[in-house]
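Here's protein.txt, which has compact mmCIF, C-alpha atoms:
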```txt
# COMPACT_ATOMS: atom_id res chain seq x y z
CA MET A 1391 64.67 -34.36 -8.86
CA GLN A 1392 64.82 -33.29 -5.20
CA LEU A 1393 62.79 -35.16 -2.60
CA ALA A 1394 61.20 -33.33 0.30
CA ARG A 1395 63.23 -33.43 3.49
CA ARG A 1396 60.33 -35.08 5.31
CA ILE A 1397 60.50 -38.03 2.91
CA GLN A 1398 64.25 -38.30 3.24
CA ALA A 1399 63.78 -38.57 7.02
CA ILE A 1400 61.46 -41.57 6.73
CA PRO A 1401 63.00 -45.06 6.59
CA PRO A 1402 61.47 -47.76 4.38
CA TYR A 1403 58.32 -49.13 5.98
CA LEU A 1404 59.22 -52.19 8.05
CA PHE A 1405 56.60 -54.52 6.58
CA ALA A 1406 57.38 -53.48 3.02
CA GLU A 1407 60.98 -54.48 3.73
CA ILE A 1408 59.84 -57.81 5.16
CA ASP A 1409 57.79 -58.47 2.03
CA ARG A 1410 60.84 -57.65 -0.10
CA LYS A 1411 63.04 -60.11 1.80
CA VAL A 1412 60.42 -62.84 1.53
CA ALA A 1413 60.14 -62.27 -2.24
CA GLU A 1414 63.92 -62.41 -2.65
CA ARG A 1415 64.27 -65.73 -0.85
CA ARG A 1416 61.28 -67.27 -2.61
CA ALA A 1417 62.81 -66.22 -5.93
CA GLU A 1418 65.87 -68.23 -4.86
CA GLY A 1419 63.67 -71.29 -4.39
CA VAL A 1420 63.42 -71.13 -0.58
CA ASP A 1421 60.10 -72.22 0.94
CA VAL A 1422 59.73 -69.25 3.28
CA ILE A 1423 57.28 -69.26 6.17
CA SER A 1424 56.54 -65.73 7.34
CA PHE A 1425 55.61 -64.81 10.90
CA GLY A 1426 56.27 -61.20 9.98
CA VAL A 1427 53.05 -59.32 9.30
CA GLY A 1428 49.95 -59.25 11.50
CA ASP A 1429 47.43 -59.90 8.73
CA PRO A 1430 44.68 -62.33 9.84
CA ASP A 1431 44.66 -65.50 7.79
CA LEU A 1432 41.09 -66.42 8.76
CA PRO A 1433 38.18 -65.19 6.61
CA THR A 1434 35.82 -62.38 7.47
CA PRO A 1435 32.67 -63.85 9.10
CA GLY A 1436 30.14 -64.81 6.45
CA PHE A 1437 27.31 -62.61 7.71
CA ILE A 1438 29.48 -59.53 7.18
CA VAL A 1439 30.39 -60.58 3.64
CA GLU A 1440 26.71 -61.18 2.89
CA GLU A 1441 25.80 -57.70 4.12
CA LEU A 1442 28.53 -56.20 1.95
CA ALA A 1443 27.25 -58.05 -1.12
CA LYS A 1444 23.70 -56.93 -0.42
CA ALA A 1445 24.77 -53.32 0.09
CA ALA A 1446 27.01 -53.32 -2.97
CA HIS A 1447 24.00 -54.24 -5.14
CA ASP A 1448 22.24 -51.10 -3.90
CA PRO A 1449 23.09 -48.35 -6.42
CA SER A 1450 22.84 -45.68 -3.71
CA THR A 1451 26.08 -47.00 -2.20
CA HIS A 1452 27.98 -46.34 -5.44
CA ARG A 1453 28.04 -42.57 -4.99
CA TYR A 1454 30.32 -40.49 -2.80
CA PRO A 1455 29.86 -41.34 0.87
CA SER A 1456 29.41 -38.66 3.51
CA TYR A 1457 32.69 -37.14 4.66
CA TYR A 1458 31.66 -37.93 8.21
CA GLY A 1459 30.41 -41.47 7.64
CA LEU A 1460 26.98 -43.02 7.59
CA PRO A 1461 24.90 -41.99 10.62
CA ALA A 1462 24.06 -45.67 11.11
CA PHE A 1463 27.75 -46.61 11.29
CA ARG A 1464 28.53 -43.80 13.72
CA ARG A 1465 25.61 -44.93 15.89
CA ALA A 1466 26.86 -48.53 15.72
CA ILE A 1467 30.31 -47.45 16.96
CA ALA A 1468 28.70 -45.47 19.79
CA GLY A 1469 26.53 -48.49 20.64
CA PHE A 1470 29.59 -50.75 20.78
CA TYR A 1471 31.29 -48.37 23.23
CA ARG A 1472 28.16 -48.20 25.38
CA ARG A 1473 27.80 -51.97 25.59
CA ARG A 1474 31.47 -52.91 25.80
CA PHE A 1475 32.96 -50.12 27.91
CA GLY A 1476 30.03 -48.25 29.46
CA VAL A 1477 31.19 -45.12 27.60
CA GLU A 1478 28.59 -42.73 26.18
CA LEU A 1479 29.48 -41.04 22.87
CA ASP A 1480 27.64 -38.50 20.78
CA PRO A 1481 27.65 -40.08 17.29
CA ASP A 1482 27.62 -36.63 15.67
CA THR A 1483 30.50 -34.98 17.54
CA GLN A 1484 32.59 -37.72 19.15
CA VAL A 1485 32.75 -40.41 16.44
CA LEU A 1486 34.58 -40.26 13.10
CA PRO A 1487 34.88 -43.23 10.69
CA LEU A 1488 38.29 -43.79 9.11
CA LEU A 1489 39.77 -45.59 6.11
CA GLY A 1490 41.29 -48.01 8.60
CA SER A 1491 42.77 -46.76 11.86
CA LYS A 1492 46.23 -46.45 10.27
CA GLU A 1493 44.98 -43.62 8.09
CA GLY A 1494 43.66 -41.66 11.07
CA ILE A 1495 46.80 -42.33 13.10
CA ALA A 1496 48.95 -40.92 10.30
CA HIS A 1497 46.75 -37.85 9.81
CA LEU A 1498 46.09 -36.88 13.43
CA PRO A 1499 49.40 -34.96 13.77
CA TRP A 1500 48.40 -32.81 10.78
CA ALA A 1501 45.62 -31.38 12.92
CA PHE A 1502 47.72 -30.74 16.05
CA VAL A 1503 51.43 -30.57 15.27
CA ASP A 1504 53.20 -27.52 13.87
CA PRO A 1505 56.74 -27.70 12.46
CA GLY A 1506 59.16 -28.38 15.29
CA ASP A 1507 56.53 -29.42 17.82
CA ARG A 1508 57.35 -32.43 19.93
CA VAL A 1509 55.39 -35.68 19.69
CA LEU A 1510 55.91 -38.23 22.48
CA VAL A 1511 56.25 -41.66 20.88
CA THR A 1512 56.32 -44.63 23.23
CA GLU A 1513 58.57 -47.33 21.82
CA PRO A 1514 58.84 -50.11 20.89
CA GLY A 1515 55.64 -49.22 19.09
CA TYR A 1516 53.78 -49.10 15.81
CA PRO A 1517 56.07 -47.25 13.35
CA VAL A 1518 53.29 -44.99 12.02
CA TYR A 1519 53.19 -42.98 15.26
CA GLU A 1520 56.65 -41.63 14.50
CA VAL A 1521 56.19 -41.37 10.75
CA GLY A 1522 52.98 -39.35 11.16
CA ALA A 1523 54.84 -36.87 13.34
CA ILE A 1524 57.63 -36.52 10.78
CA LEU A 1525 55.21 -35.98 7.90
CA ALA A 1526 53.55 -33.19 9.88
CA GLY A 1527 56.91 -31.53 10.46
CA GLY A 1528 56.99 -32.51 14.11
CA GLN A 1529 59.86 -33.81 16.20
CA PRO A 1530 59.33 -37.36 17.50
CA VAL A 1531 60.62 -37.82 21.04
CA HIS A 1532 61.09 -41.44 22.09
CA ILE A 1533 59.67 -42.57 25.41
CA PRO A 1534 61.44 -45.91 25.99
CA LEU A 1535 59.44 -48.83 27.37
CA ARG A 1536 61.08 -51.61 29.40
CA ALA A 1537 60.33 -55.25 29.98
CA GLU A 1538 60.87 -54.91 33.74
CA GLU A 1539 58.10 -52.27 33.80
CA ALA A 1540 55.71 -54.44 31.78
CA TRP A 1541 56.22 -52.25 28.72
CA PHE A 1542 54.26 -49.33 30.21
CA PRO A 1543 55.77 -45.83 30.39
CA ALA A 1544 57.22 -44.52 33.63
CA PHE A 1545 55.76 -41.03 33.34
CA GLU A 1546 57.87 -39.72 36.20
CA ARG A 1547 60.95 -40.22 34.01
CA VAL A 1548 59.58 -38.33 30.98
CA GLY A 1549 60.49 -34.99 32.55
CA ALA A 1550 61.65 -32.26 30.19
CA ALA A 1551 60.95 -34.41 27.12
CA ALA A 1552 57.30 -33.40 27.50
CA ASP A 1553 58.00 -29.66 27.47
CA GLY A 1554 56.19 -28.12 24.52
CA ALA A 1555 54.88 -31.49 23.34
CA LYS A 1556 51.49 -31.64 21.63
CA LEU A 1557 50.75 -35.34 21.42
CA LEU A 1558 51.36 -38.61 23.31
CA TRP A 1559 50.91 -42.06 21.71
CA LEU A 1560 49.95 -45.21 23.62
CA CYS A 1561 48.82 -48.64 22.38
CA TYR A 1562 47.42 -51.47 24.53
CA PRO A 1563 47.03 -54.35 23.95
CA SER A 1564 50.35 -53.54 22.40
CA ASN A 1565 51.76 -53.95 18.96
CA PRO A 1566 54.48 -55.25 19.06
CA THR A 1567 54.95 -56.43 22.66
CA GLY A 1568 51.54 -57.98 23.40
CA ALA A 1569 51.57 -56.11 26.74
CA VAL A 1570 48.27 -54.97 28.25
CA ALA A 1571 47.31 -51.99 30.41
CA THR A 1572 44.82 -51.77 33.25
CA LEU A 1573 42.32 -48.97 33.72
CA ASP A 1574 44.40 -47.69 36.65
CA GLN A 1575 47.38 -47.34 34.34
CA LEU A 1576 45.28 -45.54 31.74
CA GLN A 1577 44.02 -43.17 34.42
CA GLU A 1578 47.66 -42.36 35.14
CA ALA A 1579 48.21 -41.60 31.45
CA VAL A 1580 45.15 -39.32 31.34
CA ARG A 1581 46.38 -37.36 34.37
CA PHE A 1582 49.81 -37.00 32.73
CA ALA A 1583 48.25 -35.73 29.50
CA ALA A 1584 45.99 -33.27 31.31
CA ALA A 1585 48.87 -31.90 33.38
CA GLY A 1586 50.99 -31.37 30.28
CA ASP A 1587 48.21 -30.03 28.02
CA LEU A 1588 48.78 -33.00 25.70
CA LEU A 1589 46.41 -34.82 23.42
CA LEU A 1590 46.55 -38.49 24.41
CA ALA A 1591 46.14 -40.65 21.30
CA TYR A 1592 45.26 -44.21 22.30
CA ASP A 1593 45.44 -47.05 19.78
CA ASN A 1594 42.96 -49.73 20.88
CA ALA A 1595 42.82 -51.76 17.66
CA TYR A 1596 43.31 -55.02 19.60
CA SER A 1597 40.71 -54.36 22.32
CA GLU A 1598 38.96 -57.71 21.82
CA ILE A 1599 42.09 -59.80 21.25
CA THR A 1600 43.07 -60.76 24.80
CA TYR A 1601 43.84 -63.98 26.65
CA ASP A 1602 43.92 -65.68 30.04
CA GLY A 1603 40.94 -63.79 31.40
CA PHE A 1604 42.21 -60.27 30.76
CA VAL A 1605 39.62 -57.81 29.42
CA ALA A 1606 41.04 -54.67 27.82
CA PRO A 1607 39.64 -51.31 28.93
CA SER A 1608 39.09 -48.17 26.87
CA VAL A 1609 41.06 -45.08 27.77
CA LEU A 1610 37.76 -43.19 27.61
CA GLN A 1611 36.66 -45.01 30.77
CA ALA A 1612 39.20 -42.96 32.74
CA PRO A 1613 37.85 -39.82 34.44
CA GLY A 1614 38.68 -36.71 32.41
CA ALA A 1615 39.68 -38.67 29.31
CA MET A 1616 37.00 -37.15 27.10
CA GLU A 1617 38.68 -33.74 27.46
CA VAL A 1618 42.22 -34.87 26.59
CA ALA A 1619 42.06 -38.16 24.67
CA VAL A 1620 41.00 -39.85 21.48
CA GLU A 1621 40.87 -43.59 20.88
CA PHE A 1622 41.41 -45.40 17.61
CA GLY A 1623 39.58 -48.62 16.84
CA SER A 1624 39.30 -50.92 13.86
CA LEU A 1625 37.35 -53.81 12.44
CA SER A 1626 40.56 -55.21 10.92
CA LYS A 1627 41.77 -57.49 13.69
CA ILE A 1628 38.49 -58.13 15.53
CA PHE A 1629 36.61 -59.29 12.41
CA ASN A 1630 39.48 -60.33 10.07
CA MET A 1631 38.82 -57.31 7.84
CA THR A 1632 42.29 -55.88 7.20
CA GLY A 1633 41.65 -55.52 3.46
CA TRP A 1634 38.34 -53.70 3.95
CA ARG A 1635 39.97 -50.52 5.34
CA ILE A 1636 37.47 -49.38 7.92
CA GLY A 1637 38.00 -48.10 11.43
CA TRP A 1638 37.21 -45.12 13.65
CA VAL A 1639 38.40 -42.53 16.11
CA VAL A 1640 36.31 -41.48 19.11
CA GLY A 1641 36.70 -39.14 22.05
CA SER A 1642 37.36 -35.44 22.50
CA PRO A 1643 34.94 -33.51 20.26
CA VAL A 1644 37.59 -30.82 19.70
CA ALA A 1645 40.06 -33.41 18.39
CA ILE A 1646 37.40 -35.23 16.35
CA GLU A 1647 36.37 -31.99 14.63
CA ALA A 1648 39.99 -31.07 13.89
CA LEU A 1649 40.84 -34.46 12.36
CA GLY A 1650 37.57 -34.37 10.45
CA ARG A 1651 38.60 -31.04 8.94
CA VAL A 1652 41.84 -32.63 7.72
CA LYS A 1653 40.04 -35.61 6.26
CA THR A 1654 37.35 -33.65 4.43
CA ASN A 1655 40.13 -32.00 2.47
CA ILE A 1656 42.08 -35.14 1.54
CA ASP A 1657 39.68 -38.08 1.23
CA SER A 1658 36.07 -38.80 0.39
CA GLY A 1659 35.15 -41.29 3.10
CA VAL A 1660 34.60 -45.03 3.38
CA PHE A 1661 32.60 -46.91 0.71
CA ASN A 1662 29.03 -46.94 2.01
CA ALA A 1663 28.61 -50.67 1.36
CA VAL A 1664 31.61 -51.36 3.61
CA GLN A 1665 30.12 -49.10 6.28
CA ARG A 1666 26.83 -50.98 6.13
CA ALA A 1667 28.76 -54.21 6.59
CA GLY A 1668 30.50 -52.53 9.53
CA VAL A 1669 27.13 -51.85 11.13
CA ALA A 1670 26.27 -55.53 10.84
CA ALA A 1671 29.62 -56.45 12.41
CA LEU A 1672 29.37 -54.13 15.40
CA GLU A 1673 25.75 -54.97 16.12
CA SER A 1674 26.24 -58.74 15.78
CA GLY A 1675 27.33 -59.56 19.31
CA MET A 1676 30.53 -60.99 17.78
CA PRO A 1677 29.50 -64.67 17.72
CA HIS A 1678 32.76 -65.58 15.96
CA LEU A 1679 35.00 -64.16 18.68
CA PRO A 1680 35.33 -67.15 21.08
CA GLU A 1681 36.57 -69.43 18.29
CA LEU A 1682 38.88 -66.72 16.95
CA LEU A 1683 40.46 -66.18 20.36
CA ALA A 1684 40.80 -69.92 20.93
CA THR A 1685 42.70 -70.19 17.64
CA TYR A 1686 45.09 -67.37 18.49
CA ARG A 1687 45.60 -68.66 22.01
CA ARG A 1688 46.48 -72.12 20.69
CA ARG A 1689 48.96 -70.63 18.24
CA ARG A 1690 50.47 -68.40 20.92
CA ASP A 1691 50.93 -71.38 23.22
CA ARG A 1692 52.58 -73.44 20.48
CA ILE A 1693 55.13 -70.74 19.72
CA MET A 1694 55.82 -70.20 23.42
CA GLU A 1695 56.29 -73.94 23.90
CA VAL A 1696 59.10 -73.96 21.31
CA PHE A 1697 61.00 -71.14 22.97
CA TRP A 1698 60.34 -72.32 26.52
CA GLU A 1699 61.78 -75.73 25.65
CA ALA A 1700 64.82 -73.98 24.19
CA GLY A 1701 65.42 -72.16 27.47
CA TRP A 1702 63.60 -68.85 27.10
CA LYS A 1703 62.21 -67.65 30.45
CA VAL A 1704 59.45 -65.24 29.44
CA ASP A 1705 55.71 -65.03 30.01
CA ALA A 1706 53.14 -65.50 27.28
CA PRO A 1707 51.55 -62.23 26.10
CA LYS A 1708 48.04 -61.42 27.30
CA GLY A 1709 46.93 -59.45 24.26
CA ALA A 1710 47.20 -58.66 20.55
CA LEU A 1711 48.32 -60.99 17.76
CA TYR A 1712 52.02 -61.23 18.52
CA VAL A 1713 54.68 -62.97 20.52
CA TRP A 1714 57.53 -60.66 21.56
CA LEU A 1715 60.69 -62.50 22.51
CA PRO A 1716 64.27 -61.60 23.46
CA THR A 1717 67.09 -62.66 21.21
CA PRO A 1718 69.80 -65.03 22.47
CA PRO A 1719 72.61 -63.39 24.49
CA GLY A 1720 75.09 -61.59 22.28
CA GLU A 1721 72.86 -61.73 19.20
CA SER A 1722 71.18 -58.57 17.90
CA SER A 1723 67.67 -58.40 16.54
CA VAL A 1724 68.90 -58.24 12.97
CA GLN A 1725 71.42 -61.05 13.49
CA PHE A 1726 68.86 -63.39 15.04
CA THR A 1727 66.29 -62.53 12.37
CA ALA A 1728 68.87 -63.29 9.67
CA ARG A 1729 69.79 -66.59 11.34
CA LEU A 1730 66.20 -67.78 11.44
CA LEU A 1731 65.78 -66.87 7.77
CA ASP A 1732 69.03 -68.55 6.71
CA GLN A 1733 68.78 -71.68 8.86
CA ALA A 1734 65.02 -72.20 9.03
CA GLY A 1735 63.53 -70.31 6.10
CA VAL A 1736 61.40 -68.46 8.67
CA VAL A 1737 60.78 -64.72 8.64
CA VAL A 1738 60.19 -62.80 11.88
CA ALA A 1739 60.21 -59.05 12.47
CA PRO A 1740 63.32 -57.56 14.12
CA GLY A 1741 62.51 -55.55 17.22
CA THR A 1742 64.51 -52.57 16.00
CA GLY A 1743 61.80 -51.93 13.42
CA TYR A 1744 59.62 -50.72 16.29
CA GLY A 1745 62.11 -48.31 17.82
CA PRO A 1746 65.50 -48.33 19.58
CA SER A 1747 64.09 -50.08 22.64
CA GLY A 1748 63.17 -53.01 20.43
CA GLU A 1749 66.82 -53.96 20.08
CA GLY A 1750 67.35 -57.43 21.46
CA TYR A 1751 63.83 -58.62 20.58
CA ILE A 1752 61.88 -60.18 17.73
CA ARG A 1753 58.16 -60.24 16.97
CA LEU A 1754 56.26 -63.26 15.64
CA SER A 1755 52.70 -62.90 14.37
CA LEU A 1756 49.96 -65.41 15.17
CA THR A 1757 48.23 -64.81 11.83
CA ILE A 1758 49.49 -67.86 10.00
CA GLY A 1759 47.56 -71.03 9.18
CA ASP A 1760 47.90 -73.89 11.65
CA GLU A 1761 49.76 -76.27 9.34
CA ARG A 1762 52.30 -73.66 8.27
CA LEU A 1763 52.63 -72.43 11.85
CA GLU A 1764 53.39 -75.97 13.02
CA GLU A 1765 55.98 -76.43 10.30
CA GLY A 1766 57.50 -73.04 11.07
CA CYS A 1767 57.68 -73.86 14.76
CA GLU A 1768 59.44 -77.13 14.04
CA ARG A 1769 61.97 -75.37 11.80
CA VAL A 1770 62.62 -72.76 14.51
CA ARG A 1771 63.01 -75.49 17.13
CA LYS A 1772 65.71 -77.20 15.05
CA ALA A 1773 67.49 -73.91 14.44
CA LEU A 1774 67.48 -73.10 18.16
CA VAL A 1775 68.75 -76.53 19.11
CA GLY A 1776 71.45 -76.47 16.46
CA GLY A 1777 72.43 -72.83 16.94
CA ARG A 1778 73.75 -70.79 19.78
CA ALA A 1779 70.50 -70.44 21.73
```
Starting from the file, give its structure as structure tokens.
Amino acid sequence: MQLARRIQAIPPYLFAEIDRKVAERRAEGVDVISFGVGDPDLPTPGFIVEELAKAAHDPSTHRYPSYYGLPAFRRAIAGFYRRRFGVELDPDTQVLPLLGSKEGIAHLPWAFVDPGDRVLVTEPGYPVYEVGAILAGGQPVHIPLRAEEAWFPAFERVGAAADGAKLLWLCYPSNPTGAVATLDQLQEAVRFAAAGDLLLAYDNAYSEITYDGFVAPSVLQAPGAMEVAVEFGSLSKIFNMTGWRIGWVVGSPVAIEALGRVKTNIDSGVFNAVQRAGVAALESGMPHLPELLATYRRRRDRIMEVFWEAGWKVDAPKGALYVWLPTPPGESSVQFTARLLDQAGVVVAPGTGYGPSGEGYIRLSLTIGDERLEEGCERVRKALVGGRA
């Protein structure tokens, strides 16, 4: 049996590998605490669950949904953008519901990338940006990000790498680095995309997960963005709905139509009951959000405290659900990850799983219950004190 070359080019998915390692150690009797995967541990707000239950009892939701999503859900997404960002969207031509933003991110290259076309992948970044390009037959081109530049691309250095490229990926607040981008920076990205005839694909799944007074913008607020950009959003992280699989893409009507054409041929849309719950979520005013952010901020600060006391000189992230930290001098990402697992029974994600520029870093997720997080922090503290850090 011969696998397709595109599959042979794809490494095992990082988080599947993390799950495998956790299972192996637990089978050996180790009490493993995982900071690996960004899966919210807090429940979905009750009013959303109640709306889902109500909608699921309506037999009309049991049939095939519209390929393009419920009009009410598309209007709710447009309303959220109007209130939150001051961005006006046509719900019929500039909004497309997704089976979670990951699905749309993976499929977007199918609509724009021909075999051999270049896709500019900023890294360290979410692995699906690169994998989606490979599955479409494209050629991922890494755009390295650097700590000294606040993990934002220096477009003047991209140069010839952009020649013939079709697509540019950005994500802020960032997975994995927790870095944020200002509207001025996003305007720079829009100008770069317009000059290079690129589609700018902006992953804004963590738009509401920010700290210390920072408020994340939308790339669609930048002048000219509607002609060259799309933005992905999700209910997963904002409302603790990762298992519900519901998100959206908004922006350029040309890009929305093209991705919609892909999707109508490969899926049948989001369960209507979930979409109705999504309407309730987006129109709620997000009363749960202050407490959610306070929880994540407290967890972030606790993790930072451990590493600061051990001598790390880094700033706390201003966004997303992660803490991104350098490894000790002379210790690679994989080596440090292995040491924490062996000495502390703690799993973190090695930075190399997010691209070559992630070497020398690890990522810890904030989505772990307070008691387990405290125990994990104490284990890490002892390992740092007793190790080479």
A:Ala1584, A:Ile1758, A:Val1518, A:Leu1510 ranked by distance to A:Ala1552, top pick (using all atoms listed in the file):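 When distances to A:Ala1552 are compared using all atoms listed in the file, the smallest one comes from A:Leu1510.
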Nearest to A:Lys1492, chosen from A:Tyr1686, A:Tyr1516, A:Tyr1454, A:Tyr1751, with only C-alpha atoms counted in the distances: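 Of A:Tyr1686, A:Tyr1516, A:Tyr1454, A:Tyr1751, the one nearest A:Lys1492 is A:Tyr1516, counting only C-alpha atoms.
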For A:Val1477: contacts at 12 Å, only C-alpha atoms, fewer than 5 positions along chain excluded, given as a ChimeraX atom specification: /A:1467-1472,1484,1607-1613,1615-1616,1621,1640-1641
Within 6 Å of stretch 1494-1500 of chain A, counting only C-alpha atoms, which residues qualify if same-chain residues fewer than 4 places away don't, as number ranges by chain? A: 1522-1523, 1526, 1649
With all atoms listed in the file as the counted atoms, please give the residues lying no more than 6 Å from stretch 1701-1708 of chain A, apart from itself and same-chain residues fewer than 6 positions off, as an MDAnalysis selection string. chainID A and resid 1568 1600:1601
Using all atoms listed in the file, give me every residue within 9 Å of (42.7, -57.7, 11.2) in file coordinates, as a ChimeraX atom specification. /A:1428-1431,1595-1596,1624-1633
For the residues selected in the previous step, produce a file with C-alpha atoms as a PDB file, keeping the file's coordinate frame.
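Now in again.pdb:
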```
ATOM      1  CA  GLY A1428      49.950 -59.250  11.500  1.00  0.00           C
ATOM      2  CA  ASP A1429      47.430 -59.900   8.730  1.00  0.00           C
ATOM      3  CA  PRO A1430      44.680 -62.330   9.840  1.00  0.00           C
ATOM      4  CA  ASP A1431      44.660 -65.500   7.790  1.00  0.00           C
ATOM      5  CA  ALA A1595      42.820 -51.760  17.660  1.00  0.00           C
ATOM      6  CA  TYR A1596      43.310 -55.020  19.600  1.00  0.00           C
ATOM      7  CA  SER A1624      39.300 -50.920  13.860  1.00  0.00           C
ATOM      8  CA  LEU A1625      37.350 -53.810  12.440  1.00  0.00           C
ATOM      9  CA  SER A1626      40.560 -55.210  10.920  1.00  0.00           C
ATOM     10  CA  LYS A1627      41.770 -57.490  13.690  1.00  0.00           C
ATOM     11  CA  ILE A1628      38.490 -58.130  15.530  1.00  0.00           C
ATOM     12  CA  PHE A1629      36.610 -59.290  12.410  1.00  0.00           C
ATOM     13  CA  ASN A1630      39.480 -60.330  10.070  1.00  0.00           C
ATOM     14  CA  MET A1631      38.820 -57.310   7.840  1.00  0.00           C
ATOM     15  CA  THR A1632      42.290 -55.880   7.200  1.00  0.00           C
ATOM     16  CA  GLY A1633      41.650 -55.520   3.460  1.00  0.00           C
TER      17      GLY A1633
END
```
Provide the atom CA of A:Ala1606 to atom CA of A:Ala1579 distance in Å, to one decimal place.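 The value is 15.3 Å.
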Once you count all atoms listed in the file, which residues end up no further than 10 Å from (59.0, -35.6, 28.1) in the file's frame, shown as a PDB file with C-alpha atoms, keeping the file's coordinate frame?
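Resulting contents of point31.pdb:
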```
ATOM      1  CA  ARG A1508      57.350 -32.430  19.930  1.00  0.00           C
ATOM      2  CA  VAL A1509      55.390 -35.680  19.690  1.00  0.00           C
ATOM      3  CA  LEU A1510      55.910 -38.230  22.480  1.00  0.00           C
ATOM      4  CA  VAL A1511      56.250 -41.660  20.880  1.00  0.00           C
ATOM      5  CA  VAL A1531      60.620 -37.820  21.040  1.00  0.00           C
ATOM      6  CA  HIS A1532      61.090 -41.440  22.090  1.00  0.00           C
ATOM      7  CA  ILE A1533      59.670 -42.570  25.410  1.00  0.00           C
ATOM      8  CA  PHE A1545      55.760 -41.030  33.340  1.00  0.00           C
ATOM      9  CA  GLU A1546      57.870 -39.720  36.200  1.00  0.00           C
ATOM     10  CA  ARG A1547      60.950 -40.220  34.010  1.00  0.00           C
ATOM     11  CA  VAL A1548      59.580 -38.330  30.980  1.00  0.00           C
ATOM     12  CA  GLY A1549      60.490 -34.990  32.550  1.00  0.00           C
ATOM     13  CA  ALA A1550      61.650 -32.260  30.190  1.00  0.00           C
ATOM     14  CA  ALA A1551      60.950 -34.410  27.120  1.00  0.00           C
ATOM     15  CA  ALA A1552      57.300 -33.400  27.500  1.00  0.00           C
ATOM     16  CA  ASP A1553      58.000 -29.660  27.470  1.00  0.00           C
ATOM     17  CA  GLY A1554      56.190 -28.120  24.520  1.00  0.00           C
ATOM     18  CA  ALA A1555      54.880 -31.490  23.340  1.00  0.00           C
ATOM     19  CA  LEU A1558      51.360 -38.610  23.310  1.00  0.00           C
ATOM     20  CA  GLY A1586      50.990 -31.370  30.280  1.00  0.00           C
TER      21      GLY A1586
END
```
Could you state the separation of atom CA of A:Ile1693 and atom CA of A:Cys1767 in Å, given to one decimal place? 6.4 Å
So what do you get for atom CA of A:Pro1746 versus atom CA of A:Trp1638, distance-wise?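 Rounded to one decimal, the two atoms are 29.1 Å apart.
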Test item: residues at most 12 Å from stretch 1674-1677 of chain A, all atoms listed in the file, excluding those fewer than 2 positions along its chain, as a PyMOL selection string: chain A and resi 1434-1438+1441+1466+1469-1470+1473-1474+1598+1625+1628-1630+1667-1672+1679-1683
Excluding A:Val1660 and residues on its chain fewer than 3 positions from it, collect all residues at most 8 Å away from it, counting only C-alpha atoms, and give them as a ChimeraX atom specification. /A:1455,1459,1487-1489,1635-1636,1664-1665
Using only C-alpha atoms, can you tell me which of A:Pro1449, A:Val1420, A:Lys1411, A:Thr1567 comes closest to A:Ala1663?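 Under the stated criterion, the closest residue is A:Pro1449.
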